[in-house]
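Asker: File entry35.tsv below, TSV, N, CA, C and O atoms:
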```tsv
chain	number	residue	atom	x	y	z
A	1	MET	N	6.57	-38.22	15.97
A	1	MET	CA	5.95	-37.02	16.50
A	1	MET	C	6.04	-35.91	15.44
A	1	MET	O	7.09	-35.66	14.88
A	2	GLU	N	4.94	-35.27	15.18
A	2	GLU	CA	4.89	-34.21	14.18
A	2	GLU	C	5.48	-32.92	14.75
A	2	GLU	O	5.21	-32.54	15.88
A	3	ASN	N	6.29	-32.27	13.96
A	3	ASN	CA	6.92	-31.02	14.37
A	3	ASN	C	6.07	-29.86	13.87
A	3	ASN	O	6.07	-29.56	12.68
A	4	THR	N	5.31	-29.23	14.75
A	4	THR	CA	4.45	-28.13	14.35
A	4	THR	C	4.98	-26.82	14.90
A	4	THR	O	5.56	-26.77	15.98
A	5	VAL	N	4.76	-25.78	14.14
A	5	VAL	CA	5.17	-24.44	14.54
A	5	VAL	C	3.92	-23.58	14.53
A	5	VAL	O	3.15	-23.60	13.58
A	6	LYS	N	3.71	-22.84	15.60
A	6	LYS	CA	2.53	-21.98	15.68
A	6	LYS	C	2.85	-20.62	15.07
A	6	LYS	O	3.97	-20.13	15.14
A	7	LEU	N	1.83	-20.02	14.49
A	7	LEU	CA	1.98	-18.68	13.93
A	7	LEU	C	2.02	-17.64	15.04
A	7	LEU	O	1.55	-17.88	16.14
A	8	LEU	N	2.56	-16.51	14.71
A	8	LEU	CA	2.53	-15.37	15.63
A	8	LEU	C	1.10	-14.92	15.83
A	8	LEU	O	0.23	-15.19	15.01
A	9	VAL	N	0.88	-14.19	16.87
A	9	VAL	CA	-0.41	-13.55	17.08
A	9	VAL	C	-0.29	-12.13	16.53
A	9	VAL	O	0.67	-11.43	16.81
A	10	PHE	N	-1.26	-11.75	15.73
A	10	PHE	CA	-1.29	-10.40	15.16
A	10	PHE	C	-2.59	-9.75	15.60
A	10	PHE	O	-3.67	-10.26	15.33
A	11	LYS	N	-2.47	-8.61	16.30
A	11	LYS	CA	-3.64	-7.92	16.83
A	11	LYS	C	-4.01	-6.66	16.05
A	11	LYS	O	-5.06	-6.08	16.28
A	12	GLY	N	-3.14	-6.22	15.16
A	12	GLY	CA	-3.42	-5.00	14.41
A	12	GLY	C	-3.14	-3.74	15.18
A	12	GLY	O	-3.71	-2.69	14.90
A	13	LEU	N	-2.26	-3.83	16.17
A	13	LEU	CA	-1.89	-2.66	16.96
A	13	LEU	C	-0.83	-1.85	16.22
A	13	LEU	O	-0.15	-2.37	15.33
A	14	GLY	N	-0.66	-0.62	16.60
A	14	GLY	CA	0.28	0.26	15.92
A	14	GLY	C	1.73	-0.16	16.00
A	14	GLY	O	2.53	0.19	15.15
A	15	ASN	N	2.09	-0.94	17.02
A	15	ASN	CA	3.50	-1.33	17.16
A	15	ASN	C	3.82	-2.63	16.44
A	15	ASN	O	4.94	-3.12	16.53
A	16	GLU	N	2.87	-3.21	15.74
A	16	GLU	CA	3.09	-4.45	15.01
A	16	GLU	C	3.35	-4.17	13.53
A	16	GLU	O	2.77	-3.27	12.95
A	17	ASP	N	4.22	-4.96	12.94
A	17	ASP	CA	4.57	-4.81	11.53
A	17	ASP	C	3.92	-5.92	10.73
A	17	ASP	O	4.30	-7.08	10.86
A	18	PRO	N	2.93	-5.60	9.88
A	18	PRO	CA	2.27	-6.65	9.11
A	18	PRO	C	3.21	-7.35	8.14
A	18	PRO	O	3.05	-8.53	7.87
A	19	ASP	N	4.22	-6.65	7.62
A	19	ASP	CA	5.18	-7.30	6.72
A	19	ASP	C	5.96	-8.39	7.45
A	19	ASP	O	6.19	-9.48	6.91
A	20	GLN	N	6.37	-8.11	8.67
A	20	GLN	CA	7.09	-9.10	9.47
A	20	GLN	C	6.16	-10.29	9.79
A	20	GLN	O	6.58	-11.44	9.74
A	21	PHE	N	4.92	-9.99	10.12
A	21	PHE	CA	3.95	-11.04	10.39
A	21	PHE	C	3.82	-11.97	9.20
A	21	PHE	O	3.90	-13.19	9.33
A	22	TRP	N	3.64	-11.41	7.99
A	22	TRP	CA	3.49	-12.24	6.79
A	22	TRP	C	4.76	-13.01	6.45
A	22	TRP	O	4.70	-14.13	5.95
A	23	PHE	N	5.91	-12.42	6.71
A	23	PHE	CA	7.18	-13.11	6.47
A	23	PHE	C	7.22	-14.41	7.27
A	23	PHE	O	7.54	-15.48	6.75
A	24	ILE	N	6.86	-14.33	8.53
A	24	ILE	CA	6.88	-15.51	9.41
A	24	ILE	C	5.77	-16.48	9.02
A	24	ILE	O	5.97	-17.70	8.99
A	25	VAL	N	4.59	-15.96	8.70
A	25	VAL	CA	3.47	-16.81	8.30
A	25	VAL	C	3.85	-17.65	7.07
A	25	VAL	O	3.63	-18.86	7.03
A	26	ARG	N	4.43	-17.01	6.07
A	26	ARG	CA	4.83	-17.74	4.85
A	26	ARG	C	5.89	-18.79	5.16
A	26	ARG	O	5.85	-19.89	4.61
A	27	ASP	N	6.83	-18.46	6.05
A	27	ASP	CA	7.86	-19.44	6.43
A	27	ASP	C	7.25	-20.64	7.15
A	27	ASP	O	7.66	-21.78	6.91
A	28	VAL	N	6.29	-20.39	8.02
A	28	VAL	CA	5.64	-21.49	8.74
A	28	VAL	C	4.88	-22.38	7.76
A	28	VAL	O	4.97	-23.61	7.80
A	29	TRP	N	4.13	-21.76	6.85
A	29	TRP	CA	3.39	-22.55	5.86
A	29	TRP	C	4.34	-23.38	5.00
A	29	TRP	O	4.06	-24.53	4.70
A	30	GLU	N	5.44	-22.78	4.62
A	30	GLU	CA	6.42	-23.51	3.80
A	30	GLU	C	7.03	-24.67	4.59
A	30	GLU	O	7.16	-25.78	4.07
A	31	ALA	N	7.38	-24.43	5.84
A	31	ALA	CA	7.97	-25.47	6.68
A	31	ALA	C	6.99	-26.63	6.90
A	31	ALA	O	7.40	-27.79	6.99
A	32	GLN	N	5.71	-26.32	6.98
A	32	GLN	CA	4.70	-27.34	7.20
A	32	GLN	C	4.16	-27.93	5.90
A	32	GLN	O	3.35	-28.84	5.93
A	33	GLY	N	4.60	-27.38	4.77
A	33	GLY	CA	4.15	-27.90	3.49
A	33	GLY	C	2.71	-27.55	3.15
A	33	GLY	O	2.06	-28.24	2.38
A	34	VAL	N	2.21	-26.46	3.71
A	34	VAL	CA	0.83	-26.04	3.47
A	34	VAL	C	0.78	-25.27	2.15
A	34	VAL	O	1.46	-24.26	1.98
A	35	ILE	N	-0.03	-25.79	1.22
A	35	ILE	CA	-0.17	-25.11	-0.07
A	35	ILE	C	-1.63	-24.76	-0.39
A	35	ILE	O	-1.89	-23.91	-1.22
A	36	ASP	N	-2.56	-25.38	0.29
A	36	ASP	CA	-3.98	-25.15	0.06
A	36	ASP	C	-4.41	-23.83	0.71
A	36	ASP	O	-4.18	-23.61	1.91
A	37	ASP	N	-5.05	-22.96	-0.07
A	37	ASP	CA	-5.49	-21.65	0.43
A	37	ASP	C	-6.48	-21.78	1.59
A	37	ASP	O	-6.47	-20.96	2.51
A	38	ASN	N	-7.36	-22.77	1.55
A	38	ASN	CA	-8.35	-22.92	2.63
A	38	ASN	C	-7.68	-23.26	3.95
A	38	ASN	O	-8.08	-22.76	5.00
A	39	ILE	N	-6.66	-24.10	3.91
A	39	ILE	CA	-5.93	-24.44	5.13
A	39	ILE	C	-5.15	-23.22	5.62
A	39	ILE	O	-5.10	-22.94	6.82
A	40	LYS	N	-4.59	-22.46	4.69
A	40	LYS	CA	-3.88	-21.24	5.06
A	40	LYS	C	-4.82	-20.26	5.75
A	40	LYS	O	-4.47	-19.64	6.76
A	41	LYS	N	-6.03	-20.12	5.23
A	41	LYS	CA	-7.01	-19.22	5.84
A	41	LYS	C	-7.38	-19.68	7.25
A	41	LYS	O	-7.51	-18.85	8.16
A	42	GLU	N	-7.53	-20.99	7.43
A	42	GLU	CA	-7.88	-21.51	8.75
A	42	GLU	C	-6.77	-21.23	9.76
A	42	GLU	O	-7.04	-20.85	10.90
A	43	THR	N	-5.53	-21.43	9.35
A	43	THR	CA	-4.43	-21.16	10.28
A	43	THR	C	-4.25	-19.67	10.49
A	43	THR	O	-3.88	-19.24	11.58
A	44	LEU	N	-4.52	-18.89	9.45
A	44	LEU	CA	-4.38	-17.44	9.56
A	44	LEU	C	-5.38	-16.88	10.56
A	44	LEU	O	-5.01	-16.09	11.44
A	45	VAL	N	-6.63	-17.27	10.46
A	45	VAL	CA	-7.66	-16.72	11.35
A	45	VAL	C	-7.37	-17.09	12.80
A	45	VAL	O	-7.69	-16.33	13.72
A	46	SER	N	-6.69	-18.21	13.03
A	46	SER	CA	-6.37	-18.59	14.41
A	46	SER	C	-5.24	-17.75	15.00
A	46	SER	O	-5.03	-17.76	16.20
A	47	SER	N	-4.53	-17.01	14.15
A	47	SER	CA	-3.43	-16.17	14.65
A	47	SER	C	-3.83	-14.70	14.79
A	47	SER	O	-3.05	-13.89	15.28
A	48	LEU	N	-5.04	-14.36	14.36
A	48	LEU	CA	-5.51	-12.98	14.45
A	48	LEU	C	-6.30	-12.78	15.73
A	48	LEU	O	-7.07	-13.65	16.14
A	49	GLN	N	-6.12	-11.62	16.35
A	49	GLN	CA	-6.85	-11.29	17.57
A	49	GLN	C	-7.23	-9.81	17.54
A	49	GLN	O	-6.70	-9.03	16.75
A	50	ASP	N	-8.13	-9.45	18.41
A	50	ASP	CA	-8.54	-8.06	18.64
A	50	ASP	C	-8.94	-7.37	17.34
A	50	ASP	O	-9.77	-7.88	16.60
A	51	ARG	N	-8.35	-6.23	17.09
A	51	ARG	CA	-8.72	-5.41	15.93
A	51	ARG	C	-8.51	-6.15	14.60
A	51	ARG	O	-9.32	-6.04	13.68
A	52	ALA	N	-7.44	-6.92	14.50
A	52	ALA	CA	-7.15	-7.65	13.26
A	52	ALA	C	-8.19	-8.74	13.01
A	52	ALA	O	-8.60	-8.96	11.86
A	53	LEU	N	-8.64	-9.40	14.05
A	53	LEU	CA	-9.66	-10.44	13.88
A	53	LEU	C	-11.00	-9.83	13.47
A	53	LEU	O	-11.68	-10.36	12.58
A	54	ILE	N	-11.37	-8.72	14.07
A	54	ILE	CA	-12.61	-8.04	13.69
A	54	ILE	C	-12.55	-7.62	12.22
A	54	ILE	O	-13.49	-7.82	11.47
A	55	TRP	N	-11.39	-7.07	11.82
A	55	TRP	CA	-11.22	-6.69	10.42
A	55	TRP	C	-11.34	-7.91	9.51
A	55	TRP	O	-12.03	-7.86	8.49
A	56	TYR	N	-10.69	-9.02	9.87
A	56	TYR	CA	-10.70	-10.22	9.03
A	56	TYR	C	-12.11	-10.79	8.87
A	56	TYR	O	-12.49	-11.20	7.77
A	57	ILE	N	-12.87	-10.82	9.95
A	57	ILE	CA	-14.23	-11.35	9.87
A	57	ILE	C	-15.07	-10.53	8.89
A	57	ILE	O	-15.76	-11.07	8.04
A	58	LYS	N	-14.99	-9.21	9.00
A	58	LYS	CA	-15.73	-8.35	8.07
A	58	LYS	C	-15.23	-8.53	6.64
A	58	LYS	O	-16.01	-8.67	5.71
A	59	TYR	N	-13.90	-8.56	6.48
A	59	TYR	CA	-13.32	-8.71	5.14
A	59	TYR	C	-13.73	-10.04	4.51
A	59	TYR	O	-14.11	-10.09	3.35
A	60	SER	N	-13.68	-11.12	5.28
A	60	SER	CA	-14.03	-12.43	4.71
A	60	SER	C	-15.53	-12.55	4.44
A	60	SER	O	-15.93	-13.26	3.52
A	61	ASP	N	-16.36	-11.84	5.21
A	61	ASP	CA	-17.80	-11.81	4.91
A	61	ASP	C	-18.06	-11.09	3.59
A	61	ASP	O	-18.90	-11.51	2.80
A	62	ASP	N	-17.34	-9.99	3.37
A	62	ASP	CA	-17.51	-9.21	2.15
A	62	ASP	C	-16.84	-9.87	0.94
A	62	ASP	O	-17.22	-9.60	-0.20
A	63	ASN	N	-15.82	-10.71	1.18
A	63	ASN	CA	-15.04	-11.34	0.11
A	63	ASN	C	-14.87	-12.82	0.41
A	63	ASN	O	-13.76	-13.27	0.71
A	64	PRO	N	-15.93	-13.62	0.34
A	64	PRO	CA	-15.86	-15.01	0.80
A	64	PRO	C	-14.90	-15.90	0.00
A	64	PRO	O	-14.37	-16.86	0.54
A	65	ASN	N	-14.68	-15.62	-1.25
A	65	ASN	CA	-13.84	-16.48	-2.07
A	65	ASN	C	-12.47	-15.88	-2.37
A	65	ASN	O	-11.82	-16.27	-3.33
A	66	THR	N	-12.05	-14.95	-1.55
A	66	THR	CA	-10.78	-14.28	-1.80
A	66	THR	C	-9.60	-15.22	-1.54
A	66	THR	O	-9.71	-16.16	-0.76
A	67	ARG	N	-8.51	-14.96	-2.20
A	67	ARG	CA	-7.30	-15.76	-2.04
A	67	ARG	C	-6.44	-15.16	-0.92
A	67	ARG	O	-6.60	-14.01	-0.57
A	68	VAL	N	-5.53	-15.96	-0.40
A	68	VAL	CA	-4.66	-15.52	0.68
A	68	VAL	C	-3.81	-14.33	0.24
A	68	VAL	O	-3.57	-13.41	1.03
A	69	ALA	N	-3.38	-14.31	-1.01
A	69	ALA	CA	-2.59	-13.18	-1.51
A	69	ALA	C	-3.37	-11.87	-1.41
A	69	ALA	O	-2.82	-10.83	-1.06
A	70	ASN	N	-4.66	-11.92	-1.69
A	70	ASN	CA	-5.51	-10.72	-1.58
A	70	ASN	C	-5.68	-10.32	-0.12
A	70	ASN	O	-5.71	-9.14	0.20
A	71	ILE	N	-5.83	-11.30	0.75
A	71	ILE	CA	-5.94	-11.01	2.18
A	71	ILE	C	-4.68	-10.32	2.66
A	71	ILE	O	-4.72	-9.34	3.39
A	72	GLN	N	-3.53	-10.84	2.23
A	72	GLN	CA	-2.25	-10.25	2.64
A	72	GLN	C	-2.15	-8.80	2.19
A	72	GLN	O	-1.81	-7.92	2.99
A	73	THR	N	-2.46	-8.54	0.94
A	73	THR	CA	-2.37	-7.18	0.41
A	73	THR	C	-3.29	-6.24	1.18
A	73	THR	O	-2.88	-5.15	1.59
A	74	THR	N	-4.53	-6.65	1.39
A	74	THR	CA	-5.50	-5.80	2.06
A	74	THR	C	-5.16	-5.60	3.53
A	74	THR	O	-5.29	-4.50	4.06
A	75	LEU	N	-4.71	-6.65	4.20
A	75	LEU	CA	-4.31	-6.53	5.60
A	75	LEU	C	-3.13	-5.57	5.73
A	75	LEU	O	-3.08	-4.74	6.63
A	76	ASN	N	-2.17	-5.68	4.82
A	76	ASN	CA	-1.01	-4.76	4.86
A	76	ASN	C	-1.44	-3.31	4.69
A	76	ASN	O	-0.95	-2.43	5.39
A	77	ILE	N	-2.37	-3.07	3.78
A	77	ILE	CA	-2.86	-1.71	3.58
A	77	ILE	C	-3.59	-1.22	4.84
A	77	ILE	O	-3.38	-0.09	5.28
A	78	GLU	N	-4.39	-2.08	5.42
A	78	GLU	CA	-5.19	-1.70	6.60
A	78	GLU	C	-4.34	-1.41	7.82
A	78	GLU	O	-4.60	-0.48	8.57
A	79	PHE	N	-3.27	-2.18	8.03
A	79	PHE	CA	-2.54	-2.09	9.28
A	79	PHE	C	-1.11	-1.57	9.15
A	79	PHE	O	-0.37	-1.57	10.13
A	80	SER	N	-0.71	-1.12	7.98
A	80	SER	CA	0.65	-0.58	7.82
A	80	SER	C	0.72	0.83	8.37
A	80	SER	O	-0.20	1.62	8.24
A	81	LYS	N	1.85	1.12	8.99
A	81	LYS	CA	2.13	2.46	9.49
A	81	LYS	C	2.85	3.22	8.39
A	81	LYS	O	3.49	2.62	7.54
A	82	PRO	N	2.80	4.54	8.42
A	82	PRO	CA	3.63	5.30	7.48
A	82	PRO	C	5.10	4.94	7.70
A	82	PRO	O	5.52	4.68	8.82
A	83	LYS	N	5.86	4.91	6.62
A	83	LYS	CA	7.26	4.54	6.71
A	83	LYS	C	8.09	5.59	7.46
A	83	LYS	O	9.13	5.29	7.98
A	84	SER	N	7.63	6.81	7.48
A	84	SER	CA	8.32	7.84	8.25
A	84	SER	C	7.29	8.85	8.72
A	84	SER	O	6.18	8.92	8.21
A	85	GLU	N	7.67	9.63	9.71
A	85	GLU	CA	6.76	10.65	10.21
A	85	GLU	C	6.43	11.67	9.14
A	85	GLU	O	5.34	12.21	9.09
A	86	ALA	N	7.38	11.92	8.25
A	86	ALA	CA	7.17	12.92	7.20
A	86	ALA	C	6.01	12.53	6.29
A	86	ALA	O	5.30	13.38	5.78
A	87	GLN	N	5.77	11.23	6.10
A	87	GLN	CA	4.68	10.80	5.25
A	87	GLN	C	3.32	11.00	5.91
A	87	GLN	O	2.32	11.07	5.23
A	88	SER	N	3.29	11.08	7.21
A	88	SER	CA	2.01	11.22	7.89
A	88	SER	C	1.63	12.68	8.15
A	88	SER	O	0.54	12.95	8.58
A	89	ILE	N	2.53	13.58	7.89
A	89	ILE	CA	2.25	15.00	8.11
A	89	ILE	C	1.71	15.59	6.82
A	89	ILE	O	2.36	15.55	5.78
A	90	VAL	N	0.51	16.10	6.88
A	90	VAL	CA	-0.11	16.68	5.70
A	90	VAL	C	0.45	18.06	5.43
A	90	VAL	O	0.75	18.41	4.31
A	91	GLY	N	0.63	18.85	6.46
A	91	GLY	CA	1.17	20.19	6.28
A	91	GLY	C	1.02	20.99	7.56
A	91	GLY	O	0.28	20.63	8.46
A	92	PHE	N	1.76	22.06	7.63
A	92	PHE	CA	1.71	22.94	8.79
A	92	PHE	C	1.12	24.28	8.36
A	92	PHE	O	1.30	24.71	7.24
A	93	LYS	N	0.43	24.89	9.27
A	93	LYS	CA	-0.11	26.21	9.01
A	93	LYS	C	0.43	27.14	10.08
A	93	LYS	O	0.36	26.83	11.26
A	94	GLU	N	0.99	28.22	9.64
A	94	GLU	CA	1.55	29.17	10.59
A	94	GLU	C	0.45	30.11	11.06
A	94	GLU	O	-0.27	30.70	10.26
A	95	ILE	N	0.33	30.23	12.35
A	95	ILE	CA	-0.67	31.12	12.95
A	95	ILE	C	0.09	32.17	13.75
A	95	ILE	O	0.94	31.83	14.58
A	96	THR	N	-0.20	33.41	13.47
A	96	THR	CA	0.48	34.49	14.19
A	96	THR	C	-0.54	35.39	14.86
A	96	THR	O	-1.70	35.45	14.46
A	97	MET	N	-0.08	36.06	15.90
A	97	MET	CA	-0.91	37.03	16.61
A	97	MET	C	-0.27	38.40	16.49
A	97	MET	O	0.96	38.52	16.47
A	98	LEU	N	-1.11	39.38	16.44
A	98	LEU	CA	-0.62	40.75	16.50
A	98	LEU	C	-0.21	41.04	17.94
A	98	LEU	O	-0.76	40.43	18.88
A	99	PRO	N	0.71	41.94	18.17
A	99	PRO	CA	1.14	42.24	19.54
A	99	PRO	C	-0.01	42.67	20.46
A	99	PRO	O	0.06	42.46	21.66
A	100	VAL	N	-1.06	43.23	19.91
A	100	VAL	CA	-2.18	43.70	20.75
A	100	VAL	C	-3.24	42.61	20.96
A	100	VAL	O	-4.19	42.82	21.70
A	101	GLU	N	-3.11	41.45	20.31
A	101	GLU	CA	-4.10	40.39	20.42
A	101	GLU	C	-3.76	39.47	21.60
A	101	GLU	O	-2.62	39.34	22.00
A	102	THR	N	-4.81	38.81	22.11
A	102	THR	CA	-4.60	37.80	23.14
A	102	THR	C	-5.00	36.46	22.55
A	102	THR	O	-5.75	36.41	21.57
A	103	PRO	N	-4.51	35.37	23.12
A	103	PRO	CA	-4.88	34.05	22.58
A	103	PRO	C	-6.37	33.76	22.65
A	103	PRO	O	-6.88	32.93	21.96
A	104	TRP	N	-7.06	34.45	23.53
A	104	TRP	CA	-8.49	34.20	23.68
A	104	TRP	C	-9.26	35.11	22.81
A	104	TRP	O	-10.32	35.06	22.47
```
Show me the file's structure as structure tokens.

Answerer:
Amino acid sequence: MENTVKLLVFKGLGNEDPDQFWFIVRDVWEAQGVIDDNIKKETLVSSLQDRALIWYIKYSDDNPNTRVANIQTTLNIEFSKPKSEAQSIVGFKEITMLPVETPW
């Protein structure tokens, strides 16, 4: 009996970590002895859903001969969250009112 391990499902939601997804994907491929990029792409597309699958279909149409390493890099850029809230804040602007002014 063959021992198969299924990949995680990645939807591209804000609470998912693409680095963690790729860590597990690489481990599964290694455990199964998968080295061919085309087989990796086939198993990868079966683990993508929702927003991530829509992104992958468009990406693969635009880049038909891309390697899995390029897919990984681009997917990480597309779905990575800022490492901290400070990185996502562009800046604050102080707004003041004179005592005689109203908010309206």

Asker: Which is closest to A:Phe21 among A:Ala69, A:Val34, A:Ile57, A:Leu48, if we use only C-alpha atoms?

Answerer: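 Going through A:Ala69, A:Val34, A:Ile57, A:Leu48 one by one, the smallest distance to A:Phe21 is for A:Leu48.
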
Asker: Could you please determine the separation between atom CA of A:Ile39 and atom CA of A:Leu13 in Å, to one decimal place?

Answerer: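 Separation between atom CA of A:Ile39 and atom CA of A:Leu13: 25.1 Å.
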
Asker: Using only C-alpha atoms, which protein or nucleic acid residues come within 8 Å of A:Lys11? Drop anything in the same chain fewer than 4 positions from it, and give the result as a ChimeraX atom specification.

Answerer: /A:16,48-53

Asker: Within 10 Å of (2.4, -10.2, 15.0), in the coordinates the file gives, what residues turn up when you count only C-alpha atoms, written out as a ChimeraX atom specification?

Answerer: /A:7-13,15-22,24-25,47-49

Asker: Keeping only N, CA, C and O atoms, write those residues as a PDB file, in the coordinates of the input.

Answerer:
```pdb
ATOM      1  N   LEU A   7       1.830 -20.020  14.490  1.00  0.00           N
ATOM      2  CA  LEU A   7       1.980 -18.680  13.930  1.00  0.00           C
ATOM      3  C   LEU A   7       2.020 -17.640  15.040  1.00  0.00           C
ATOM      4  O   LEU A   7       1.550 -17.880  16.140  1.00  0.00           O
ATOM      5  N   LEU A   8       2.560 -16.510  14.710  1.00  0.00           N
ATOM      6  CA  LEU A   8       2.530 -15.370  15.630  1.00  0.00           C
ATOM      7  C   LEU A   8       1.100 -14.920  15.830  1.00  0.00           C
ATOM      8  O   LEU A   8       0.230 -15.190  15.010  1.00  0.00           O
ATOM      9  N   VAL A   9       0.880 -14.190  16.870  1.00  0.00           N
ATOM     10  CA  VAL A   9      -0.410 -13.550  17.080  1.00  0.00           C
ATOM     11  C   VAL A   9      -0.290 -12.130  16.530  1.00  0.00           C
ATOM     12  O   VAL A   9       0.670 -11.430  16.810  1.00  0.00           O
ATOM     13  N   PHE A  10      -1.260 -11.750  15.730  1.00  0.00           N
ATOM     14  CA  PHE A  10      -1.290 -10.400  15.160  1.00  0.00           C
ATOM     15  C   PHE A  10      -2.590  -9.750  15.600  1.00  0.00           C
ATOM     16  O   PHE A  10      -3.670 -10.260  15.330  1.00  0.00           O
ATOM     17  N   LYS A  11      -2.470  -8.610  16.300  1.00  0.00           N
ATOM     18  CA  LYS A  11      -3.640  -7.920  16.830  1.00  0.00           C
ATOM     19  C   LYS A  11      -4.010  -6.660  16.050  1.00  0.00           C
ATOM     20  O   LYS A  11      -5.060  -6.080  16.280  1.00  0.00           O
ATOM     21  N   GLY A  12      -3.140  -6.220  15.160  1.00  0.00           N
ATOM     22  CA  GLY A  12      -3.420  -5.000  14.410  1.00  0.00           C
ATOM     23  C   GLY A  12      -3.140  -3.740  15.180  1.00  0.00           C
ATOM     24  O   GLY A  12      -3.710  -2.690  14.900  1.00  0.00           O
ATOM     25  N   LEU A  13      -2.260  -3.830  16.170  1.00  0.00           N
ATOM     26  CA  LEU A  13      -1.890  -2.660  16.960  1.00  0.00           C
ATOM     27  C   LEU A  13      -0.830  -1.850  16.220  1.00  0.00           C
ATOM     28  O   LEU A  13      -0.150  -2.370  15.330  1.00  0.00           O
ATOM     29  N   ASN A  15       2.090  -0.940  17.020  1.00  0.00           N
ATOM     30  CA  ASN A  15       3.500  -1.330  17.160  1.00  0.00           C
ATOM     31  C   ASN A  15       3.820  -2.630  16.440  1.00  0.00           C
ATOM     32  O   ASN A  15       4.940  -3.120  16.530  1.00  0.00           O
ATOM     33  N   GLU A  16       2.870  -3.210  15.740  1.00  0.00           N
ATOM     34  CA  GLU A  16       3.090  -4.450  15.010  1.00  0.00           C
ATOM     35  C   GLU A  16       3.350  -4.170  13.530  1.00  0.00           C
ATOM     36  O   GLU A  16       2.770  -3.270  12.950  1.00  0.00           O
ATOM     37  N   ASP A  17       4.220  -4.960  12.940  1.00  0.00           N
ATOM     38  CA  ASP A  17       4.570  -4.810  11.530  1.00  0.00           C
ATOM     39  C   ASP A  17       3.920  -5.920  10.730  1.00  0.00           C
ATOM     40  O   ASP A  17       4.300  -7.080  10.860  1.00  0.00           O
ATOM     41  N   PRO A  18       2.930  -5.600   9.880  1.00  0.00           N
ATOM     42  CA  PRO A  18       2.270  -6.650   9.110  1.00  0.00           C
ATOM     43  C   PRO A  18       3.210  -7.350   8.140  1.00  0.00           C
ATOM     44  O   PRO A  18       3.050  -8.530   7.870  1.00  0.00           O
ATOM     45  N   ASP A  19       4.220  -6.650   7.620  1.00  0.00           N
ATOM     46  CA  ASP A  19       5.180  -7.300   6.720  1.00  0.00           C
ATOM     47  C   ASP A  19       5.960  -8.390   7.450  1.00  0.00           C
ATOM     48  O   ASP A  19       6.190  -9.480   6.910  1.00  0.00           O
ATOM     49  N   GLN A  20       6.370  -8.110   8.670  1.00  0.00           N
ATOM     50  CA  GLN A  20       7.090  -9.100   9.470  1.00  0.00           C
ATOM     51  C   GLN A  20       6.160 -10.290   9.790  1.00  0.00           C
ATOM     52  O   GLN A  20       6.580 -11.440   9.740  1.00  0.00           O
ATOM     53  N   PHE A  21       4.920  -9.990  10.120  1.00  0.00           N
ATOM     54  CA  PHE A  21       3.950 -11.040  10.390  1.00  0.00           C
ATOM     55  C   PHE A  21       3.820 -11.970   9.200  1.00  0.00           C
ATOM     56  O   PHE A  21       3.900 -13.190   9.330  1.00  0.00           O
ATOM     57  N   TRP A  22       3.640 -11.410   7.990  1.00  0.00           N
ATOM     58  CA  TRP A  22       3.490 -12.240   6.790  1.00  0.00           C
ATOM     59  C   TRP A  22       4.760 -13.010   6.450  1.00  0.00           C
ATOM     60  O   TRP A  22       4.700 -14.130   5.950  1.00  0.00           O
ATOM     61  N   ILE A  24       6.860 -14.330   8.530  1.00  0.00           N
ATOM     62  CA  ILE A  24       6.880 -15.510   9.410  1.00  0.00           C
ATOM     63  C   ILE A  24       5.770 -16.480   9.020  1.00  0.00           C
ATOM     64  O   ILE A  24       5.970 -17.700   8.990  1.00  0.00           O
ATOM     65  N   VAL A  25       4.590 -15.960   8.700  1.00  0.00           N
ATOM     66  CA  VAL A  25       3.470 -16.810   8.300  1.00  0.00           C
ATOM     67  C   VAL A  25       3.850 -17.650   7.070  1.00  0.00           C
ATOM     68  O   VAL A  25       3.630 -18.860   7.030  1.00  0.00           O
ATOM     69  N   SER A  47      -4.530 -17.010  14.150  1.00  0.00           N
ATOM     70  CA  SER A  47      -3.430 -16.170  14.650  1.00  0.00           C
ATOM     71  C   SER A  47      -3.830 -14.700  14.790  1.00  0.00           C
ATOM     72  O   SER A  47      -3.050 -13.890  15.280  1.00  0.00           O
ATOM     73  N   LEU A  48      -5.040 -14.360  14.360  1.00  0.00           N
ATOM     74  CA  LEU A  48      -5.510 -12.980  14.450  1.00  0.00           C
ATOM     75  C   LEU A  48      -6.300 -12.780  15.730  1.00  0.00           C
ATOM     76  O   LEU A  48      -7.070 -13.650  16.140  1.00  0.00           O
ATOM     77  N   GLN A  49      -6.120 -11.620  16.350  1.00  0.00           N
ATOM     78  CA  GLN A  49      -6.850 -11.290  17.570  1.00  0.00           C
ATOM     79  C   GLN A  49      -7.230  -9.810  17.540  1.00  0.00           C
ATOM     80  O   GLN A  49      -6.700  -9.030  16.750  1.00  0.00           O
TER      81      GLN A  49
END
```

Asker: Just checking: using only N, CA, C and O atoms, which residue out of A:Lys41, A:Trp29, A:Pro99, A:Ile35 ends up closest to A:Thr66?

Answerer: A:Lys41

Asker: What is the distance, in Å and to one decimal place, between atom CA of A:Asn38 and atom CA of A:Asn65?

Answerer: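 About the pair atom CA of A:Asn38 and atom CA of A:Asn65: they are 9.7 Å apart.
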
Asker: What's the separation between atom CA of A:Ile54 and atom CA of A:Ala31, in Å to one decimal place?

Answerer: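 Those two atoms sit 27.9 Å apart.
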
Asker: In terms of the shortest atom-to-atom distance over only C-alpha atoms, which of A:Phe79, A:Val100, A:Phe23, A:Asn70 is closest to A:Asp37?

Answerer: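 The shortest atom-to-atom distance to A:Asp37 comes from A:Asn70.
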